[in-house]
file coords06.csv (CSV, C-alpha atoms)
chain,number,residue,atom,x,y,z
A,280,MET,CA,0.0,0.0,0.0
A,281,VAL,CA,2.8,2.4,0.9
A,282,ALA,CA,4.6,1.6,-2.4
A,283,LEU,CA,1.4,2.2,-4.4
A,284,PHE,CA,0.9,5.5,-2.5
A,285,LEU,CA,4.5,6.6,-3.3
A,286,VAL,CA,4.0,5.7,-7.0
A,287,ALA,CA,0.8,7.6,-7.2
A,288,LEU,CA,2.4,10.6,-5.5
A,289,PHE,CA,5.3,10.5,-7.9
A,290,GLN,CA,3.0,10.3,-10.9
A,291,CYS,CA,1.0,13.3,-9.6
A,292,LYS,CA,4.1,15.4,-9.2
A,293,PHE,CA,5.4,14.3,-12.6
A,294,LEU,CA,2.1,15.2,-14.2
A,295,ALA,CA,2.1,18.6,-12.5
A,296,VAL,CA,5.5,19.4,-13.9
A,297,ALA,CA,4.8,17.8,-17.3
A,298,ILE,CA,1.7,20.0,-18.0
A,299,LEU,CA,4.1,22.3,-19.9
A,300,ASP,CA,5.6,21.1,-23.2
A,301,PRO,CA,9.1,19.7,-22.5
A,302,LEU,CA,10.8,22.1,-24.9
A,303,ASP,CA,9.1,25.1,-23.2
A,304,PHE,CA,10.0,23.7,-19.8
A,305,LEU,CA,13.7,23.4,-20.7
A,306,ALA,CA,13.7,26.8,-22.4
A,307,LEU,CA,12.2,28.4,-19.3
A,308,GLN,CA,14.9,26.8,-17.1
A,309,PHE,CA,17.7,28.2,-19.3
A,310,ILE,CA,16.0,31.7,-19.2
A,311,ARG,CA,15.8,31.5,-15.4
A,312,LYS,CA,19.5,30.6,-15.1
A,313,SER,CA,20.6,33.6,-17.2
A,314,LEU,CA,18.6,36.1,-15.1
A,315,ARG,CA,18.3,37.1,-11.5
A,316,ASP,CA,16.5,39.6,-9.3
A,317,LEU,CA,18.1,42.9,-8.5
A,318,PRO,CA,18.3,43.7,-4.8
A,319,GLY,CA,14.8,44.5,-3.6
A,320,SER,CA,13.1,42.4,-6.2
A,321,ASN,CA,11.7,38.9,-5.5
A,322,PHE,CA,10.1,38.2,-8.9
A,323,PHE,CA,11.7,34.7,-9.2
A,324,ALA,CA,10.5,33.6,-5.7
A,325,SER,CA,7.6,31.7,-7.3
A,326,TRP,CA,9.8,30.0,-9.9
A,327,ASP,CA,10.0,26.5,-8.3
A,328,PHE,CA,10.6,24.0,-11.1
A,329,THR,CA,9.2,21.1,-9.0
A,330,SER,CA,5.8,22.7,-9.6
A,331,ASP,CA,3.8,23.7,-12.6
A,332,PRO,CA,5.6,26.5,-14.5
A,333,CYS,CA,2.3,27.8,-15.7
A,334,ASN,CA,1.7,29.1,-12.2
A,335,PHE,CA,5.0,31.0,-12.1
A,336,ALA,CA,4.8,34.8,-11.9
A,337,GLY,CA,4.7,36.3,-15.4
A,338,VAL,CA,4.2,33.0,-17.2
A,339,TYR,CA,0.9,32.4,-19.1
A,340,CYS,CA,0.0,29.1,-20.8
A,341,ASP,CA,-2.6,27.9,-23.2
A,342,SER,CA,-2.9,24.1,-22.8
A,343,ASP,CA,0.7,22.8,-22.8
A,344,LYS,CA,2.3,25.8,-24.5
A,345,LEU,CA,3.7,29.0,-23.1
A,346,ILE,CA,2.0,31.9,-24.9
A,347,ALA,CA,3.1,35.0,-22.8
A,348,LEU,CA,6.2,35.8,-20.8
A,349,ASN,CA,6.3,39.0,-18.7
A,350,LEU,CA,9.6,39.0,-16.9
A,351,GLY,CA,9.9,41.2,-13.8
A,352,ASP,CA,7.7,42.8,-11.2
A,353,PRO,CA,5.5,45.3,-13.2
A,354,ARG,CA,4.7,47.4,-10.1
A,355,ALA,CA,6.1,51.0,-10.2
A,356,GLY,CA,9.5,51.3,-8.5
A,357,SER,CA,10.4,47.7,-8.7
A,358,PRO,CA,14.2,47.3,-9.2
A,359,GLY,CA,13.7,44.8,-12.0
A,360,LEU,CA,16.1,42.1,-13.2
A,361,THR,CA,19.7,41.7,-14.3
A,362,GLY,CA,21.6,39.3,-16.6
A,363,ARG,CA,21.3,38.3,-20.2
A,364,ILE,CA,18.5,37.0,-22.3
A,365,ASP,CA,19.3,33.4,-23.1
A,366,ALA,CA,19.0,32.2,-26.7
A,367,ALA,CA,16.7,29.5,-25.5
A,368,ILE,CA,13.9,32.1,-25.7
A,369,GLY,CA,13.6,31.2,-29.3
A,370,LYS,CA,12.4,27.7,-28.4
A,371,LEU,CA,9.1,29.0,-27.0
A,372,SER,CA,7.3,28.3,-30.3
A,373,ALA,CA,3.9,29.5,-29.3
A,374,LEU,CA,5.0,32.7,-27.6
A,375,ALA,CA,2.8,35.7,-28.6
A,376,GLU,CA,3.9,38.2,-25.9
A,377,LEU,CA,7.4,38.9,-24.5
A,378,SER,CA,8.1,41.8,-22.1
A,379,ILE,CA,10.8,42.6,-19.6
A,380,VAL,CA,10.3,45.3,-17.0
A,381,PRO,CA,12.8,48.2,-16.6
A,382,GLY,CA,16.0,46.9,-15.0
A,383,ARG,CA,19.6,46.0,-15.8
A,384,ILE,CA,19.3,43.4,-18.6
A,385,TYR,CA,22.4,43.7,-20.7
A,386,GLY,CA,24.0,42.1,-23.8
A,387,PRO,CA,22.6,41.8,-27.3
A,388,LEU,CA,19.1,40.9,-28.3
A,389,PRO,CA,19.3,37.1,-29.2
A,390,GLN,CA,18.9,36.4,-32.9
A,391,SER,CA,16.7,33.4,-31.8
A,392,ILE,CA,13.8,35.8,-31.0
A,393,SER,CA,13.2,35.7,-34.8
A,394,GLN,CA,12.1,32.1,-34.4
A,395,LEU,CA,9.0,33.2,-32.5
A,396,LYS,CA,6.7,33.2,-35.4
A,397,GLU,CA,3.6,33.8,-33.3
A,398,LEU,CA,5.1,36.8,-31.5
A,399,ARG,CA,2.8,39.9,-31.6
A,400,PHE,CA,4.1,42.0,-28.7
A,401,LEU,CA,7.8,42.6,-27.9
A,402,GLU,CA,8.7,45.1,-25.2
A,403,ILE,CA,12.1,45.2,-23.7
A,404,SER,CA,12.6,48.9,-22.7
A,405,ARG,CA,14.6,50.8,-20.1
A,406,ASN,CA,17.4,48.2,-19.8
A,407,PHE,CA,20.9,48.0,-21.1
A,408,ILE,CA,20.4,46.0,-24.3
A,409,SER,CA,23.3,46.7,-26.7
A,410,GLY,CA,24.4,45.8,-30.2
A,411,ASP,CA,22.4,45.9,-33.4
A,412,ILE,CA,18.7,45.3,-33.8
A,413,PRO,CA,18.7,41.9,-35.5
A,414,ALA,CA,17.5,42.2,-39.1
A,415,THR,CA,15.9,38.8,-38.7
A,416,LEU,CA,13.2,40.4,-36.6
A,417,GLY,CA,11.7,41.1,-40.0
A,418,GLN,CA,10.7,37.4,-40.0
A,419,LEU,CA,8.1,38.1,-37.2
A,420,ARG,CA,5.3,38.7,-39.6
A,421,SER,CA,2.6,38.8,-36.9
A,422,LEU,CA,4.4,41.4,-34.8
A,423,LYS,CA,2.2,44.4,-33.8
A,424,THR,CA,4.2,46.2,-31.2
A,425,LEU,CA,8.0,46.6,-31.1
A,426,ASP,CA,9.3,48.5,-28.1
A,427,LEU,CA,13.1,48.5,-27.5
A,428,SER,CA,13.2,52.0,-26.2
A,429,TYR,CA,15.7,53.4,-23.6
A,430,ASN,CA,18.5,50.9,-24.2
A,431,GLN,CA,22.0,51.1,-25.7
A,432,LEU,CA,21.2,49.8,-29.2
A,433,THR,CA,23.5,50.9,-32.0
A,434,GLY,CA,23.6,50.4,-35.8
A,435,GLU,CA,20.8,51.0,-38.3
A,436,ILE,CA,17.1,50.3,-38.1
A,437,PRO,CA,16.9,47.2,-40.3
A,438,ARG,CA,14.8,47.7,-43.5
A,439,SER,CA,13.2,44.4,-42.8
A,440,ILE,CA,11.4,45.8,-39.8
A,441,GLY,CA,9.7,48.3,-42.1
A,442,THR,CA,8.2,45.5,-44.1
A,443,LEU,CA,6.3,44.0,-41.1
A,444,PRO,CA,2.6,44.0,-42.3
A,445,GLU,CA,0.8,44.1,-39.0
A,446,LEU,CA,3.0,46.6,-37.1
A,447,THR,CA,1.0,49.2,-35.2
A,448,ASN,CA,3.6,50.5,-32.7
A,449,VAL,CA,7.3,51.0,-33.3
A,450,ILE,CA,9.1,52.6,-30.3
A,451,LEU,CA,12.9,52.7,-30.6
A,452,CYS,CA,13.6,56.1,-28.8
A,453,HIS,CA,16.5,56.9,-26.6
A,454,ASN,CA,19.1,54.6,-28.1
A,455,HIS,CA,22.2,55.2,-30.3
A,456,LEU,CA,20.7,54.2,-33.6
A,457,SER,CA,22.2,55.7,-36.8
A,458,GLY,CA,21.6,55.6,-40.5
A,459,SER,CA,18.4,56.5,-42.2
A,460,VAL,CA,14.8,55.8,-41.4
A,461,PRO,CA,13.6,52.9,-43.6
A,462,PRO,CA,10.2,53.0,-45.3
A,463,PHE,CA,7.4,51.5,-43.2
A,464,LEU,CA,4.8,49.6,-45.3
A,465,SER,CA,2.3,48.6,-42.6
A,466,GLN,CA,-1.0,50.3,-43.3
A,467,VAL,CA,-2.1,49.9,-39.7
A,468,LEU,CA,0.9,51.7,-38.1
A,469,THR,CA,-0.4,54.3,-35.7
A,470,ARG,CA,2.6,55.2,-33.5
A,471,MET,CA,6.3,55.7,-34.4
A,472,ASP,CA,8.7,57.0,-31.8
A,473,LEU,CA,12.4,57.3,-32.9
A,474,LYS,CA,13.4,60.3,-30.8
A,475,HIS,CA,16.7,60.8,-29.2
A,476,ASN,CA,18.9,58.8,-31.6
A,477,ALA,CA,21.5,59.8,-34.2
A,478,LEU,CA,19.4,59.1,-37.4
A,479,THR,CA,20.4,60.9,-40.6
A,480,GLY,CA,19.2,61.3,-44.1
A,481,SER,CA,15.9,62.4,-45.5
A,482,LEU,CA,12.3,61.0,-45.5
A,483,ALA,CA,10.7,60.1,-48.8
A,484,PRO,CA,7.2,61.4,-49.4
A,485,ASP,CA,5.7,57.9,-49.3
A,486,SER,CA,8.0,56.4,-46.6
A,487,LEU,CA,5.4,56.5,-43.8
A,488,PRO,CA,1.7,55.4,-44.0
A,489,PRO,CA,-1.2,57.8,-43.6
A,490,SER,CA,-2.5,55.6,-40.7
A,491,LEU,CA,0.1,57.3,-38.4
A,492,GLN,CA,-1.5,59.1,-35.4
A,493,SER,CA,1.7,59.8,-33.4
A,494,LEU,CA,5.1,60.6,-34.8
A,495,SER,CA,8.1,61.6,-32.8
A,496,LEU,CA,11.5,62.1,-34.5
A,497,TYR,CA,12.8,64.7,-32.0
A,498,TRP,CA,16.6,65.0,-31.5
A,499,ASN,CA,18.1,63.3,-34.5
A,500,GLN,CA,20.1,64.7,-37.5
A,501,LEU,CA,17.4,64.2,-40.1
A,502,THR,CA,17.5,66.5,-43.2
A,503,GLY,CA,15.5,67.5,-46.3
A,504,PRO,CA,12.0,68.7,-46.9
A,505,VAL,CA,9.0,66.9,-45.3
A,506,ASP,CA,6.1,69.0,-46.7
A,507,LYS,CA,4.9,66.3,-49.1
A,508,LEU,CA,5.2,63.6,-46.5
A,509,LEU,CA,3.3,65.5,-43.8
A,510,SER,CA,0.5,66.5,-46.2
A,511,ARG,CA,-0.4,62.7,-46.4
A,512,LEU,CA,-0.4,62.1,-42.7
A,513,ASP,CA,-3.9,63.5,-42.0
A,514,GLN,CA,-4.6,61.2,-39.0
A,515,LEU,CA,-1.9,62.7,-36.8
A,516,SER,CA,-2.8,63.8,-33.3
A,517,TYR,CA,0.8,64.3,-32.1
A,518,LEU,CA,3.8,65.5,-34.1
A,519,ASP,CA,7.3,66.2,-32.9
A,520,LEU,CA,10.1,66.8,-35.5
A,521,SER,CA,12.1,69.2,-33.3
A,522,LEU,CA,15.9,69.4,-33.1
A,523,ASN,CA,16.6,68.1,-36.6
A,524,GLN,CA,17.7,69.8,-39.8
A,525,PHE,CA,14.5,69.6,-41.8
A,526,THR,CA,14.2,72.2,-44.6
A,527,GLY,CA,11.6,73.6,-46.9
A,528,PRO,CA,8.1,74.8,-46.2
A,529,ILE,CA,5.6,73.8,-43.5
A,530,PRO,CA,2.4,72.8,-45.4
A,531,GLY,CA,-0.7,74.8,-44.5
A,532,ARG,CA,-2.8,71.7,-44.6
A,533,LEU,CA,-0.9,70.4,-41.5
A,534,PHE,CA,-2.8,72.8,-39.3
A,535,THR,CA,-6.2,71.2,-40.2
A,536,PHE,CA,-5.1,67.8,-38.9
A,537,PRO,CA,-6.5,66.6,-35.4
A,538,ILE,CA,-3.2,67.5,-33.8
A,539,THR,CA,-3.2,68.6,-30.1
A,540,ASN,CA,0.6,69.3,-29.8
A,541,LEU,CA,2.8,70.4,-32.7
A,542,GLN,CA,6.5,70.6,-32.2
A,543,LEU,CA,8.6,71.7,-35.1
A,544,GLN,CA,11.1,73.9,-33.4
A,545,ARG,CA,14.9,74.1,-34.0
A,546,ASN,CA,15.0,73.0,-37.6
A,547,LEU,CA,15.7,74.9,-40.9
A,548,PHE,CA,12.1,75.3,-42.1
A,549,SER,CA,11.6,78.3,-44.3
A,550,GLY,CA,9.0,80.3,-46.2
A,551,SER,CA,5.7,81.7,-45.0
A,552,VAL,CA,3.2,79.8,-42.8
A,553,GLN,CA,-0.4,80.0,-44.1
A,554,PRO,CA,-3.0,77.9,-42.4
A,555,ALA,CA,-6.2,77.6,-44.5
A,556,ASP,CA,-8.5,78.0,-41.6
A,557,GLN,CA,-8.6,78.8,-37.9
A,558,VAL,CA,-6.1,76.6,-36.1
A,559,THR,CA,-7.5,74.3,-33.3
A,560,ILE,CA,-4.2,72.9,-32.2
A,561,SER,CA,-3.6,74.0,-28.5
A,562,THR,CA,0.2,74.1,-28.6
A,563,ILE,CA,2.3,75.0,-31.6
A,564,ASP,CA,6.1,75.6,-31.4
A,565,LEU,CA,7.7,76.8,-34.7
A,566,SER,CA,10.5,78.6,-32.9
A,567,HIS,CA,14.2,78.7,-34.1
A,568,ASN,CA,13.6,78.2,-37.8
A,569,ARG,CA,13.9,80.4,-40.8
A,570,LEU,CA,10.2,81.2,-41.3
A,571,SER,CA,9.3,84.5,-42.9
A,572,GLY,CA,6.3,86.6,-44.0
A,573,GLN,CA,3.5,87.9,-41.9
A,574,ILE,CA,2.0,86.1,-38.9
A,575,SER,CA,-1.3,84.6,-39.9
A,576,PRO,CA,-4.4,85.7,-37.9
A,577,MET,CA,-5.5,82.1,-38.1
A,578,PHE,CA,-3.2,81.4,-35.2
A,579,SER,CA,-5.4,83.5,-32.8
A,580,THR,CA,-7.1,80.4,-31.5
A,581,VAL,CA,-3.9,78.7,-30.4
A,582,GLN,CA,-3.4,78.6,-26.6
A,583,ASN,CA,0.4,78.4,-26.6
A,584,LEU,CA,2.2,79.9,-29.6
A,585,TYR,CA,5.9,79.9,-30.0
A,586,LEU,CA,7.0,81.8,-33.1
A,587,ASN,CA,10.2,83.3,-31.7
A,588,ASN,CA,13.6,83.2,-33.4
A,589,ASN,CA,12.4,83.3,-37.0
A,590,ARG,CA,12.2,86.0,-39.7
A,591,PHE,CA,8.5,87.1,-39.4
A,592,THR,CA,7.8,90.7,-40.5
A,593,GLY,CA,4.9,93.1,-40.4
A,594,GLN,CA,2.3,93.8,-37.7
A,595,VAL,CA,1.1,91.3,-35.1
A,596,PRO,CA,-2.6,90.6,-36.1
A,597,ALA,CA,-5.2,92.4,-34.0
A,598,THR,CA,-7.1,89.1,-33.5
A,599,ILE,CA,-4.1,87.6,-31.8
A,600,VAL,CA,-3.7,90.6,-29.5
A,601,ASP,CA,-7.4,90.4,-28.6
A,602,GLN,CA,-7.1,86.8,-27.7
A,603,LEU,CA,-4.1,87.5,-25.6
A,604,LEU,CA,-5.8,90.2,-23.6
A,605,SER,CA,-8.8,88.0,-23.1
A,606,GLY,CA,-6.6,85.3,-21.6
A,607,SER,CA,-7.4,82.8,-24.3
A,608,ILE,CA,-3.7,82.8,-25.5
A,609,GLN,CA,-1.6,81.8,-22.5
A,610,ILE,CA,1.9,82.0,-24.2
A,611,LEU,CA,2.8,84.3,-27.1
A,612,TYR,CA,6.5,84.3,-27.8
A,613,LEU,CA,7.4,86.6,-30.7
A,614,GLN,CA,10.9,87.7,-29.7
A,615,HIS,CA,13.8,87.7,-32.2
A,616,ASN,CA,11.9,88.4,-35.4
A,617,TYR,CA,11.6,91.4,-37.6
A,618,LEU,CA,8.1,92.5,-36.6
A,619,THR,CA,7.4,96.2,-37.0
A,620,GLY,CA,4.3,96.8,-34.8
A,621,ILE,CA,1.6,95.5,-32.5
A,622,GLN,CA,-1.6,97.4,-31.6
A,623,ILE,CA,-1.7,97.2,-27.9
A,624,ASN,CA,-2.3,99.9,-25.3
A,625,PRO,CA,0.8,100.5,-23.1
A,626,THR,CA,-1.5,100.5,-20.1
A,627,ALA,CA,-3.3,97.3,-21.1
A,628,ASP,CA,-3.6,94.7,-18.5
A,629,ILE,CA,-2.2,91.4,-19.7
A,630,PRO,CA,-3.8,88.6,-17.7
A,631,VAL,CA,-1.5,87.1,-15.0
A,632,SER,CA,-2.0,83.7,-16.6
A,633,SER,CA,-0.7,84.9,-20.0
A,634,SER,CA,2.9,85.5,-21.1
A,635,LEU,CA,4.0,87.8,-23.9
A,636,CYS,CA,7.5,88.4,-25.2
A,637,LEU,CA,8.2,90.9,-28.0
A,638,GLN,CA,11.8,92.0,-27.5
A,639,TYR,CA,14.4,92.1,-30.3
A,640,ASN,CA,12.1,93.0,-33.1
A,641,CYS,CA,12.1,96.0,-35.4
A,642,MET,CA,10.0,98.1,-33.0
A,643,VAL,CA,10.1,99.4,-29.4
A,644,PRO,CA,7.9,97.0,-27.4
A,645,PRO,CA,4.8,99.1,-26.4
A,646,VAL,CA,4.5,97.1,-23.2
A,647,GLN,CA,7.2,95.8,-20.9
A,648,THR,CA,6.7,92.1,-20.1
A,649,PRO,CA,9.0,89.5,-18.6
A,650,CYS,CA,10.7,87.3,-21.2
A,651,PRO,CA,12.5,84.0,-20.9
A,652,LEU,CA,16.2,84.3,-19.9
A,653,ASN,CA,17.4,83.0,-23.3
A,654,ALA,CA,15.7,86.0,-25.0
A,655,GLY,CA,18.6,88.2,-23.9
A,656,ASN,CA,18.6,91.8,-22.6
A,657,GLU,CA,18.3,93.8,-25.8
A,658,LYS,CA,14.8,95.2,-26.2
A,659,THR,CA,15.0,96.2,-29.9
A,660,ARG,CA,16.8,94.8,-33.0
A,661,PRO,CA,19.5,97.1,-34.4
A,662,THR,CA,18.1,99.4,-37.1
A,663,VAL,CA,20.8,98.3,-39.6
A,664,GLN,CA,19.6,94.7,-39.4
A,665,CYS,CA,16.0,95.8,-39.9
A,666,ASN,CA,16.9,97.9,-42.9
A,667,GLU,CA,19.0,95.0,-44.4
A,668,TRP,CA,16.0,92.7,-44.0
A,669,LYS,CA,13.7,95.2,-45.7
A,670,GLY,CA,16.2,95.6,-48.5

call {"tool": "encode", "arguments": {"input": "coords06.csv", "output": "structure tokens"}}
result
Amino acid sequence: MVALFLVALFQCKFLAVAILDPLDFLALQFIRKSLRDLPGSNFFASWDFTSDPCNFAGVYCDSDKLIALNLGDPRAGSPGLTGRIDAAIGKLSALAELSIVPGRIYGPLPQSISQLKELRFLEISRNFISGDIPATLGQLRSLKTLDLSYNQLTGEIPRSIGTLPELTNVILCHNHLSGSVPPFLSQVLTRMDLKHNALTGSLAPDSLPPSLQSLSLYWNQLTGPVDKLLSRLDQLSYLDLSLNQFTGPIPGRLFTFPITNLQLQRNLFSGSVQPADQVTISTIDLSHNRLSGQISPMFSTVQNLYLNNNRFTGQVPATIVDQLLSGSIQILYLQHNYLTGIQINPTADIPVSSSLCLQYNCMVPPVQTPCPLNAGNEKTRPTVQCNEWKG
């Protein structure tokens, strides 16, 4: 009887462990050996391989296959994990979701990840992953989200990633990526965040799909005109191209898009800016460019308007002044242009909630208002500069 009981007990324990496919079981063991908790984290406390791995923290199964692996304590402030990602990760053949919480995971992204043909979600952000992005990730034809942000990745963005047909989110910001932005063919791509890299080159008019709703290319070294490209992206709700070297005009059509925040500052954009209708974007920053011509009255409905450090001329539209005095415009920065006048009473009360800066234009500011420190101390642009600009 005792012997039969022990056999039955052994069989029960064996079955509990054997619920998971043997290949997945072995792969999970290799993954565990290559990672450990940082001090203060106890994520792996539940990983006891004498029990069913499908009950481990962060492990999700469907029948005998592992379908999702979320490594690390997802709670805010958790120290995360350290170590390397073992190549055995590629043996989890049914894996659809792989994520690792912020921590100190280092080393390259294993090439074997490209074997995960069912993978739809890949997020390994805010760690210390280094090396190139494997070009073989282009084999993950079901991938919807690729987030490798805030790592130490180098090299170019593989062109193969741009061919992924189901991609909806590509987030590669805050790395050391170089080279050009490849064309993205997915017609369901809604978010692209490549900011804070060292990307170069220009963007072709058809290189990004019109499905995009959020585009951030801030702080790169991208060049060339983007007016034709931007005119196609009429679903945008967020656009940040600041701190690049983009040239050419800003298309007037852009201001009719459902954008809430438009950041185009610190580029080489030139020409006049002529929105076709009243602008409903709440924040617009076009500062530090080479924009010229008169300021359009269509900007009078913008809450925060940064037009400073350009080459605008003429009078400030009366409708913009009215909106400033009513408190509807909260920030109006016009310093460092070539403006020649503004119809505002020197005794006018500018609302405390509003900021106006007019200094260093081709006029004496009729009202004295506090300006940001980087505007300098000179109130008026030298006459010789104003005359040269007129000429």

call {"tool": "atom_distance", "arguments": {"input": "coords06.csv", "atom1": "atom CA of Leu541 of chain A", "atom2": "atom CA of Val505 of chain A"}}
result
14.5 Å

call {"tool": "closest_residue", "arguments": {"input": "coords06.csv", "among": "A:Gln647, A:Gln524, A:Gln514, A:Gln557", "to": "Pro625 of chain A", "atoms": "all atoms listed in the file"}}
result
A:Gln647

call {"tool": "closest_residue", "arguments": {"input": "coords06.csv", "among": "A:Arg660, A:Arg311, A:Arg383, A:His475", "to": "His453 of chain A", "atoms": "all atoms listed in the file"}}
result
A:His475

call {"tool": "atom_distance", "arguments": {"input": "coords06.csv", "atom1": "atom CA of Gly434 of chain A", "atom2": "atom CA of Gln544 of chain A"}}
result
26.7 Å

call {"tool": "closest_residue", "arguments": {"input": "coords06.csv", "among": "A:Leu345, A:Ile379, A:Ala477, A:Ile384", "to": "Glu397 of chain A", "atoms": "all atoms listed in the file"}}
result
A:Leu345

call {"tool": "closest_residue", "arguments": {"input": "coords06.csv", "among": "A:Pro630, A:Pro576, A:Gly359, A:Gly620", "to": "Pro644 of chain A", "atoms": "only C-alpha atoms"}}
result
A:Gly620

call {"tool": "residues_near_point", "arguments": {"input": "coords06.csv", "point": "(14.5, 72.7, -43.5)", "cutoff": "7 Å", "atoms": "all atoms listed in the file", "output": "number ranges by chain"}}
result
A: 502-504, 524-527, 546-549
